[in-house]
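Just below is one structure, and these are the notes that go with it.
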Amino acid sequence: MTDTPLTLDGFRALLASFEQEAGPAIAAADSSGALETVRAKYLGRAHGWLKDLSARLGQLPKSDRAPAGSAFNEVRLRVEATFDGRRAALAPSNVPGEIADRTMPARRSWQGTVHPVSQVIDEMIEIFRELGFTVALGPEAESPWYNFGSLNFPADHPAMDLHDTLYLSDDAVLRTHTSPVQVRTLQAYPPPIRVLIPGNVHRRDPFDASHAPTFAQVEGLVVDEGITFADLKATLTHFANRFFGATKTRFRPSYFPFTEPSAEMDVLCGVCRGSGCGVCKESGWVEILGSGLVHPSVLESAGVDSERYTGWAFGMGPARTALARHGIPDIRLLYDSDIRFLNQFAR
Ligand code: DAH
């Protein structure tokens, strides 16, 4: 057989016979399997007729290729549309009684979990909600006055160095604690107040086994008439017993500019139950929060009459609490987003 060179008309004729044959063949396919056979024959990328036609396109004289190409594309789109329509009509959900493979095991759906730090925060909010606390939030870029001044840090006081502060500008600092929201809340709402304040804070800290430069805190604040240290102690002890299960707590005297007196609360180490281990650095106790009676000057900064009202407050780091609760050795694990690690805390 001698090969006569392909002409534009010849190519159009090939396209027409392709369409005349492929269209009815697709329409006649009466099952997904039959349709697949037809697809491979006409539209298959490896050996299909359409593939063959596109190769023939390349054999045309250059000047014929543009019109031939658009004719080719028109036919291709029409046949593909016929195919898509037939495939939809044969899809199992559209054919009563047909299910592709009844023996195939169901696909496991992927489920996210609540991060262990968020779990601590959620549980705290729940426990304090029962005691009448609501939730308040504040900005992460804070003015130095709210972050320090309003909280009774004297100007240039060395206590600010402990926070290793990150300034965005002279009048904006990444807040180093959630305590400024105490003042913001008191300015916005008159006492009596019971709030929990979760949020992220930032310090120029190294990223090591027990520090992170950005971490969550949960602040608590109560202001009312007649509030005393007994309220602080009873509430925080109740919280520790609810959160950790019946446990021992102890309060150690401490110092914060915004509380007087101040105390840190420890709970018995949940991993060794007091005998000493790596998690509690052999002390048998784990420090979980700082607290104290709100300093009168903080109340006054917020415009609250400190002769009439008193209050107590605390600040806690839920990441450290999550470490203590689960006996996790390195805080960085909480930041890694490693699903194998996080799935262990799925509930
Ligand atoms: N703001 C303190 C810190 O980040 C934590 C703290 C201590 C908050 C005592 C309080 C408090 O409200 O009363 O280290």
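Labeling convention for the structure tokens: chains A, B, ... as they appear, residues from 1 per chain, ligands from 1 in order of appearance.
With only C-alpha atoms and all ligand atoms as the atoms that count, the set of residues no farther than 8 Å from ligand 1 is A:His163, A:Thr176, A:His177, A:Thr178, A:Ser179, A:Gln182, A:Gln217, A:Glu219, A:Gly220, A:Leu221, A:Phe256, A:Phe258, A:Thr259, A:Ser262, A:Ala263, A:Glu264, A:Leu289, A:Gly290, A:Ser291, A:Gly292, A:Leu293, A:Val294, A:Trp312, A:Ala313, A:Phe314, A:Gly315, A:Met316.
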So that I can see what lies close to segment 267-274 of chain A, please list as a list in words the residues with an atom at most 7 Å from it, counting only C-alpha atoms and leaving out residues fewer than 4 positions away in the same chain. Thr247, Lys248, Thr249, Arg250, Cys280, Gly284, Trp285, Val286, Glu287, Ala324, Arg325 and Gly327 of chain A
If you keep all heavy atoms, can you produce a file of those selected residues as a compact mmCIF listing (two decimals), in the first residue's frame?
```txt
# COMPACT_ATOMS: atom_id res chain seq x y z
N THR A 247 -5.54 15.73 94.68
CA THR A 247 -4.08 15.86 94.74
C THR A 247 -3.71 16.80 95.88
O THR A 247 -4.56 17.49 96.42
CB THR A 247 -3.52 16.40 93.41
OG1 THR A 247 -2.10 16.45 93.50
CG2 THR A 247 -4.03 17.81 93.11
N LYS A 248 -2.42 16.78 96.24
CA LYS A 248 -1.95 17.73 97.24
C LYS A 248 -1.46 18.98 96.54
O LYS A 248 -0.88 18.90 95.46
CB LYS A 248 -0.79 17.11 98.03
CG LYS A 248 -1.23 16.17 99.11
CD LYS A 248 -0.04 15.86 100.03
CE LYS A 248 -0.44 14.82 101.05
NZ LYS A 248 0.72 14.05 101.52
N THR A 249 -1.67 20.11 97.19
CA THR A 249 -1.14 21.37 96.65
C THR A 249 -0.34 22.06 97.74
O THR A 249 -0.52 21.77 98.93
CB THR A 249 -2.28 22.33 96.24
OG1 THR A 249 -3.15 22.49 97.36
CG2 THR A 249 -3.07 21.80 95.07
N ARG A 250 0.54 22.95 97.35
CA ARG A 250 1.20 23.80 98.34
C ARG A 250 1.42 25.18 97.74
O ARG A 250 1.59 25.33 96.52
CB ARG A 250 2.52 23.18 98.82
CG ARG A 250 3.63 23.24 97.82
CD ARG A 250 4.94 22.71 98.38
NE ARG A 250 6.00 22.89 97.37
CZ ARG A 250 7.22 22.39 97.48
NH1 ARG A 250 7.57 21.66 98.52
NH2 ARG A 250 8.12 22.63 96.53
N CYS A 280 9.60 16.30 87.65
CA CYS A 280 9.56 17.31 88.73
C CYS A 280 10.96 17.69 89.17
O CYS A 280 11.13 18.31 90.22
CB CYS A 280 8.74 16.80 89.90
SG CYS A 280 9.38 15.29 90.65
N GLY A 284 9.52 16.28 93.63
CA GLY A 284 8.23 15.73 94.04
C GLY A 284 7.06 16.69 93.79
O GLY A 284 5.90 16.31 93.90
N TRP A 285 7.35 17.95 93.43
CA TRP A 285 6.32 18.96 93.19
C TRP A 285 6.49 19.58 91.82
O TRP A 285 7.61 19.71 91.34
CB TRP A 285 6.38 20.07 94.24
CG TRP A 285 6.11 19.60 95.64
CD1 TRP A 285 7.03 19.16 96.55
CD2 TRP A 285 4.82 19.51 96.27
NE1 TRP A 285 6.41 18.81 97.71
CE2 TRP A 285 5.05 19.02 97.58
CE3 TRP A 285 3.53 19.80 95.88
CZ2 TRP A 285 4.01 18.81 98.49
CZ3 TRP A 285 2.50 19.60 96.78
CH2 TRP A 285 2.74 19.10 98.07
N VAL A 286 5.37 19.99 91.23
CA VAL A 286 5.44 20.70 89.96
C VAL A 286 4.75 22.05 90.14
O VAL A 286 3.60 22.11 90.58
CB VAL A 286 4.72 19.91 88.83
CG1 VAL A 286 4.77 20.68 87.53
CG2 VAL A 286 5.35 18.53 88.67
N GLU A 287 5.47 23.13 89.80
CA GLU A 287 4.88 24.46 89.91
C GLU A 287 3.91 24.66 88.76
O GLU A 287 4.25 24.41 87.60
CB GLU A 287 6.00 25.50 89.82
CG GLU A 287 5.48 26.92 89.91
CD GLU A 287 6.54 27.92 89.45
OE1 GLU A 287 7.71 27.76 89.83
OE2 GLU A 287 6.16 28.85 88.72
N ALA A 324 3.32 18.33 82.62
CA ALA A 324 3.22 17.70 83.94
C ALA A 324 2.16 16.61 83.93
O ALA A 324 2.34 15.53 84.50
CB ALA A 324 2.88 18.75 84.99
N ARG A 325 1.06 16.89 83.28
CA ARG A 325 -0.05 15.94 83.28
C ARG A 325 0.30 14.64 82.56
O ARG A 325 -0.03 13.56 83.00
CB ARG A 325 -1.26 16.59 82.62
CG ARG A 325 -2.37 15.64 82.35
CD ARG A 325 -3.49 16.31 81.64
NE ARG A 325 -4.61 16.48 82.53
CZ ARG A 325 -5.80 16.91 82.14
NH1 ARG A 325 -5.99 17.29 80.91
NH2 ARG A 325 -6.78 16.99 82.99
N GLY A 327 3.50 13.72 81.59
CA GLY A 327 4.88 13.28 81.72
C GLY A 327 5.65 13.43 80.42
O GLY A 327 6.49 12.60 80.08
```
List as a CSV table (one decimal) with N, CA and C atoms, in the first residue's frame the protein and nucleic acid residues near Pro318 of chain A, meaning an atom at most 10 Å away when only C-alpha atoms are counted, but skip any in the same chain fewer than 6 places from it.
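Output file selection-v9.csv is given in full below:
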```csv
chain,number,residue,atom,x,y,z
A,116,PRO,N,-3.1,19.0,72.8
A,116,PRO,CA,-3.0,18.8,74.3
A,116,PRO,C,-3.0,20.1,75.0
A,117,VAL,N,-2.4,21.2,74.5
A,117,VAL,CA,-2.5,22.5,75.2
A,117,VAL,C,-3.9,23.1,75.1
A,118,SER,N,-4.5,22.9,74.0
A,118,SER,CA,-5.9,23.4,73.9
A,118,SER,C,-6.8,22.6,74.8
A,119,GLN,N,-6.5,21.3,74.9
A,119,GLN,CA,-7.3,20.5,75.9
A,119,GLN,C,-7.2,21.1,77.3
A,120,VAL,N,-6.0,21.5,77.7
A,120,VAL,CA,-5.9,22.0,79.1
A,120,VAL,C,-6.7,23.3,79.2
A,121,ILE,N,-6.6,24.2,78.2
A,121,ILE,CA,-7.3,25.5,78.2
A,121,ILE,C,-8.8,25.2,78.3
A,124,MET,N,-9.9,24.0,81.7
A,124,MET,CA,-9.8,25.1,82.7
A,124,MET,C,-11.1,25.9,82.5
A,198,PRO,N,-7.5,33.4,78.4
A,198,PRO,CA,-6.5,32.6,77.7
A,198,PRO,C,-5.9,33.5,76.5
A,215,PHE,N,4.2,31.2,73.8
A,215,PHE,CA,3.4,30.2,74.5
A,215,PHE,C,2.1,30.7,75.0
A,216,ALA,N,1.3,29.8,75.4
A,216,ALA,CA,-0.1,30.2,75.9
A,216,ALA,C,0.0,30.4,77.4
A,217,GLN,N,-0.9,31.4,77.8
A,217,GLN,CA,-1.1,31.5,79.2
A,217,GLN,C,-2.6,31.5,79.5
A,218,VAL,N,-3.0,31.2,80.7
A,218,VAL,CA,-4.4,31.4,81.1
A,218,VAL,C,-4.3,32.3,82.4
A,288,ILE,N,2.7,25.0,89.1
A,288,ILE,CA,1.8,25.2,87.9
A,288,ILE,C,1.3,26.7,87.7
A,289,LEU,N,1.4,27.5,88.7
A,289,LEU,CA,0.9,28.9,88.5
A,289,LEU,C,1.4,29.9,89.5
A,324,ALA,N,3.3,18.3,82.6
A,324,ALA,CA,3.2,17.7,83.9
A,324,ALA,C,2.2,16.6,83.9
```
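Across A:Ile331, A:Ile197, A:Ala136, A:Leu6, the tightest approach to Arg65 of chain A is made by A:Leu6 when counting only C-alpha atoms.
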Near-Gly33 of chain A list (10 Å; only C-alpha atoms; drop same-chain fewer than 5 positions) as a PDB file with N, CA and C atoms, in the first residue's frame:
```pdb
ATOM      1  N   VAL A  38     -14.519   0.927  26.296  1.00  0.00           N
ATOM      2  CA  VAL A  38     -14.737   1.867  25.192  1.00  0.00           C
ATOM      3  C   VAL A  38     -13.806   3.072  25.332  1.00  0.00           C
ATOM      4  N   ARG A  39     -13.645   3.528  26.589  1.00  0.00           N
ATOM      5  CA  ARG A  39     -12.777   4.689  26.814  1.00  0.00           C
ATOM      6  C   ARG A  39     -11.351   4.392  26.364  1.00  0.00           C
ATOM      7  N   LEU A  90     -23.926   6.166  34.607  1.00  0.00           N
ATOM      8  CA  LEU A  90     -23.655   4.804  35.086  1.00  0.00           C
ATOM      9  C   LEU A  90     -23.091   4.779  36.508  1.00  0.00           C
TER      10      LEU A  90
END
```
Can you check which residues of segment 127-167 of chain A DSSP gives as alpha helix (DSSP H) on the backbone and send them as a PDB file with all heavy atoms, in the first residue's frame?
```pdb
ATOM      1  N   ILE A 127     -14.001  24.163  84.029  1.00  0.00           N
ATOM      2  CA  ILE A 127     -14.011  24.089  85.496  1.00  0.00           C
ATOM      3  C   ILE A 127     -14.345  25.459  86.101  1.00  0.00           C
ATOM      4  O   ILE A 127     -15.157  25.568  87.023  1.00  0.00           O
ATOM      5  CB  ILE A 127     -12.647  23.577  86.030  1.00  0.00           C
ATOM      6  CG1 ILE A 127     -12.447  22.112  85.615  1.00  0.00           C
ATOM      7  CG2 ILE A 127     -12.544  23.728  87.546  1.00  0.00           C
ATOM      8  CD1 ILE A 127     -11.042  21.573  85.867  1.00  0.00           C
ATOM      9  N   PHE A 128     -13.735  26.516  85.555  1.00  0.00           N
ATOM     10  CA  PHE A 128     -13.991  27.847  86.107  1.00  0.00           C
ATOM     11  C   PHE A 128     -15.368  28.380  85.718  1.00  0.00           C
ATOM     12  O   PHE A 128     -15.945  29.191  86.429  1.00  0.00           O
ATOM     13  CB  PHE A 128     -12.879  28.819  85.686  1.00  0.00           C
ATOM     14  CG  PHE A 128     -11.640  28.686  86.538  1.00  0.00           C
ATOM     15  CD1 PHE A 128     -10.610  27.821  86.179  1.00  0.00           C
ATOM     16  CD2 PHE A 128     -11.504  29.407  87.712  1.00  0.00           C
ATOM     17  CE1 PHE A 128      -9.478  27.687  86.966  1.00  0.00           C
ATOM     18  CE2 PHE A 128     -10.371  29.286  88.514  1.00  0.00           C
ATOM     19  CZ  PHE A 128      -9.361  28.406  88.143  1.00  0.00           C
ATOM     20  N   ARG A 129     -15.885  27.896  84.593  1.00  0.00           N
ATOM     21  CA  ARG A 129     -17.237  28.320  84.190  1.00  0.00           C
ATOM     22  C   ARG A 129     -18.252  27.909  85.257  1.00  0.00           C
ATOM     23  O   ARG A 129     -19.164  28.655  85.577  1.00  0.00           O
ATOM     24  CB  ARG A 129     -17.603  27.670  82.855  1.00  0.00           C
ATOM     25  CG  ARG A 129     -18.860  28.222  82.206  1.00  0.00           C
ATOM     26  CD  ARG A 129     -19.115  27.530  80.871  1.00  0.00           C
ATOM     27  NE  ARG A 129     -19.397  26.111  81.046  1.00  0.00           N
ATOM     28  CZ  ARG A 129     -20.587  25.620  81.385  1.00  0.00           C
ATOM     29  NH1 ARG A 129     -21.610  26.427  81.567  1.00  0.00           N
ATOM     30  NH2 ARG A 129     -20.755  24.319  81.546  1.00  0.00           N
ATOM     31  N   PRO A 144       3.257  49.383  76.177  1.00  0.00           N
ATOM     32  CA  PRO A 144       4.076  49.137  77.365  1.00  0.00           C
ATOM     33  C   PRO A 144       3.336  49.513  78.652  1.00  0.00           C
ATOM     34  O   PRO A 144       3.562  48.889  79.693  1.00  0.00           O
ATOM     35  CB  PRO A 144       5.308  50.029  77.147  1.00  0.00           C
ATOM     36  CG  PRO A 144       5.398  50.198  75.665  1.00  0.00           C
ATOM     37  CD  PRO A 144       3.971  50.195  75.176  1.00  0.00           C
ATOM     38  N   TRP A 145       2.448  50.489  78.567  1.00  0.00           N
ATOM     39  CA  TRP A 145       1.726  50.872  79.792  1.00  0.00           C
ATOM     40  C   TRP A 145       0.840  49.721  80.281  1.00  0.00           C
ATOM     41  O   TRP A 145       0.864  49.373  81.457  1.00  0.00           O
ATOM     42  CB  TRP A 145       0.866  52.123  79.568  1.00  0.00           C
ATOM     43  CG  TRP A 145       0.212  52.556  80.866  1.00  0.00           C
ATOM     44  CD1 TRP A 145       0.818  53.231  81.890  1.00  0.00           C
ATOM     45  CD2 TRP A 145      -1.132  52.284  81.290  1.00  0.00           C
ATOM     46  NE1 TRP A 145      -0.069  53.410  82.935  1.00  0.00           N
ATOM     47  CE2 TRP A 145      -1.279  52.837  82.597  1.00  0.00           C
ATOM     48  CE3 TRP A 145      -2.223  51.637  80.702  1.00  0.00           C
ATOM     49  CZ2 TRP A 145      -2.463  52.766  83.320  1.00  0.00           C
ATOM     50  CZ3 TRP A 145      -3.405  51.566  81.425  1.00  0.00           C
ATOM     51  CH2 TRP A 145      -3.527  52.122  82.721  1.00  0.00           C
ATOM     52  N   TYR A 146       0.071  49.113  79.389  1.00  0.00           N
ATOM     53  CA  TYR A 146      -0.763  47.993  79.834  1.00  0.00           C
ATOM     54  C   TYR A 146       0.103  46.805  80.275  1.00  0.00           C
ATOM     55  O   TYR A 146      -0.180  46.138  81.261  1.00  0.00           O
ATOM     56  CB  TYR A 146      -1.706  47.534  78.719  1.00  0.00           C
ATOM     57  CG  TYR A 146      -2.978  48.342  78.632  1.00  0.00           C
ATOM     58  CD1 TYR A 146      -3.200  49.207  77.570  1.00  0.00           C
ATOM     59  CD2 TYR A 146      -3.963  48.228  79.611  1.00  0.00           C
ATOM     60  CE1 TYR A 146      -4.372  49.950  77.487  1.00  0.00           C
ATOM     61  CE2 TYR A 146      -5.137  48.967  79.531  1.00  0.00           C
ATOM     62  CZ  TYR A 146      -5.337  49.825  78.466  1.00  0.00           C
ATOM     63  OH  TYR A 146      -6.493  50.549  78.393  1.00  0.00           O
ATOM     64  N   ASN A 147       1.175  46.541  79.486  1.00  0.00           N
ATOM     65  CA  ASN A 147       1.974  45.352  79.782  1.00  0.00           C
ATOM     66  C   ASN A 147       2.761  45.490  81.092  1.00  0.00           C
ATOM     67  O   ASN A 147       2.956  44.513  81.809  1.00  0.00           O
ATOM     68  CB  ASN A 147       2.940  45.059  78.628  1.00  0.00           C
ATOM     69  CG  ASN A 147       3.493  43.639  78.682  1.00  0.00           C
ATOM     70  OD1 ASN A 147       2.815  42.692  78.311  1.00  0.00           O
ATOM     71  ND2 ASN A 147       4.704  43.479  79.179  1.00  0.00           N
TER      72      ASN A 147
END
```
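Residues in contact range of segment 15-24 of chain A, defined as at most 9 Å between only C-alpha atoms, with sequence neighbours fewer than 5 positions away removed, read Gly10, Ala29, Val38, Arg39, Lys41, Tyr42, Leu43, Trp49, Leu50, Leu53, Ala71, Phe72, Val75, Arg76, Arg78, Val79, Thr82 and Phe83 of chain A.
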Could you jot down the atom CA of Asn241 of chain A to atom CA of Pro329 of chain A separation for me, Å, one decimal place? 23.2 Å
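Candidate residues A:Ser275, A:Gly317, A:Pro261, A:Val222 were compared for distance to Leu299 of chain A, and the nearest is A:Val222, using only C-alpha atoms.
Counting only C-alpha atoms, the residue from A:Thr7, A:Thr103, A:Thr310, A:Thr165 that sits nearest to Asp64 of chain A is A:Thr7.
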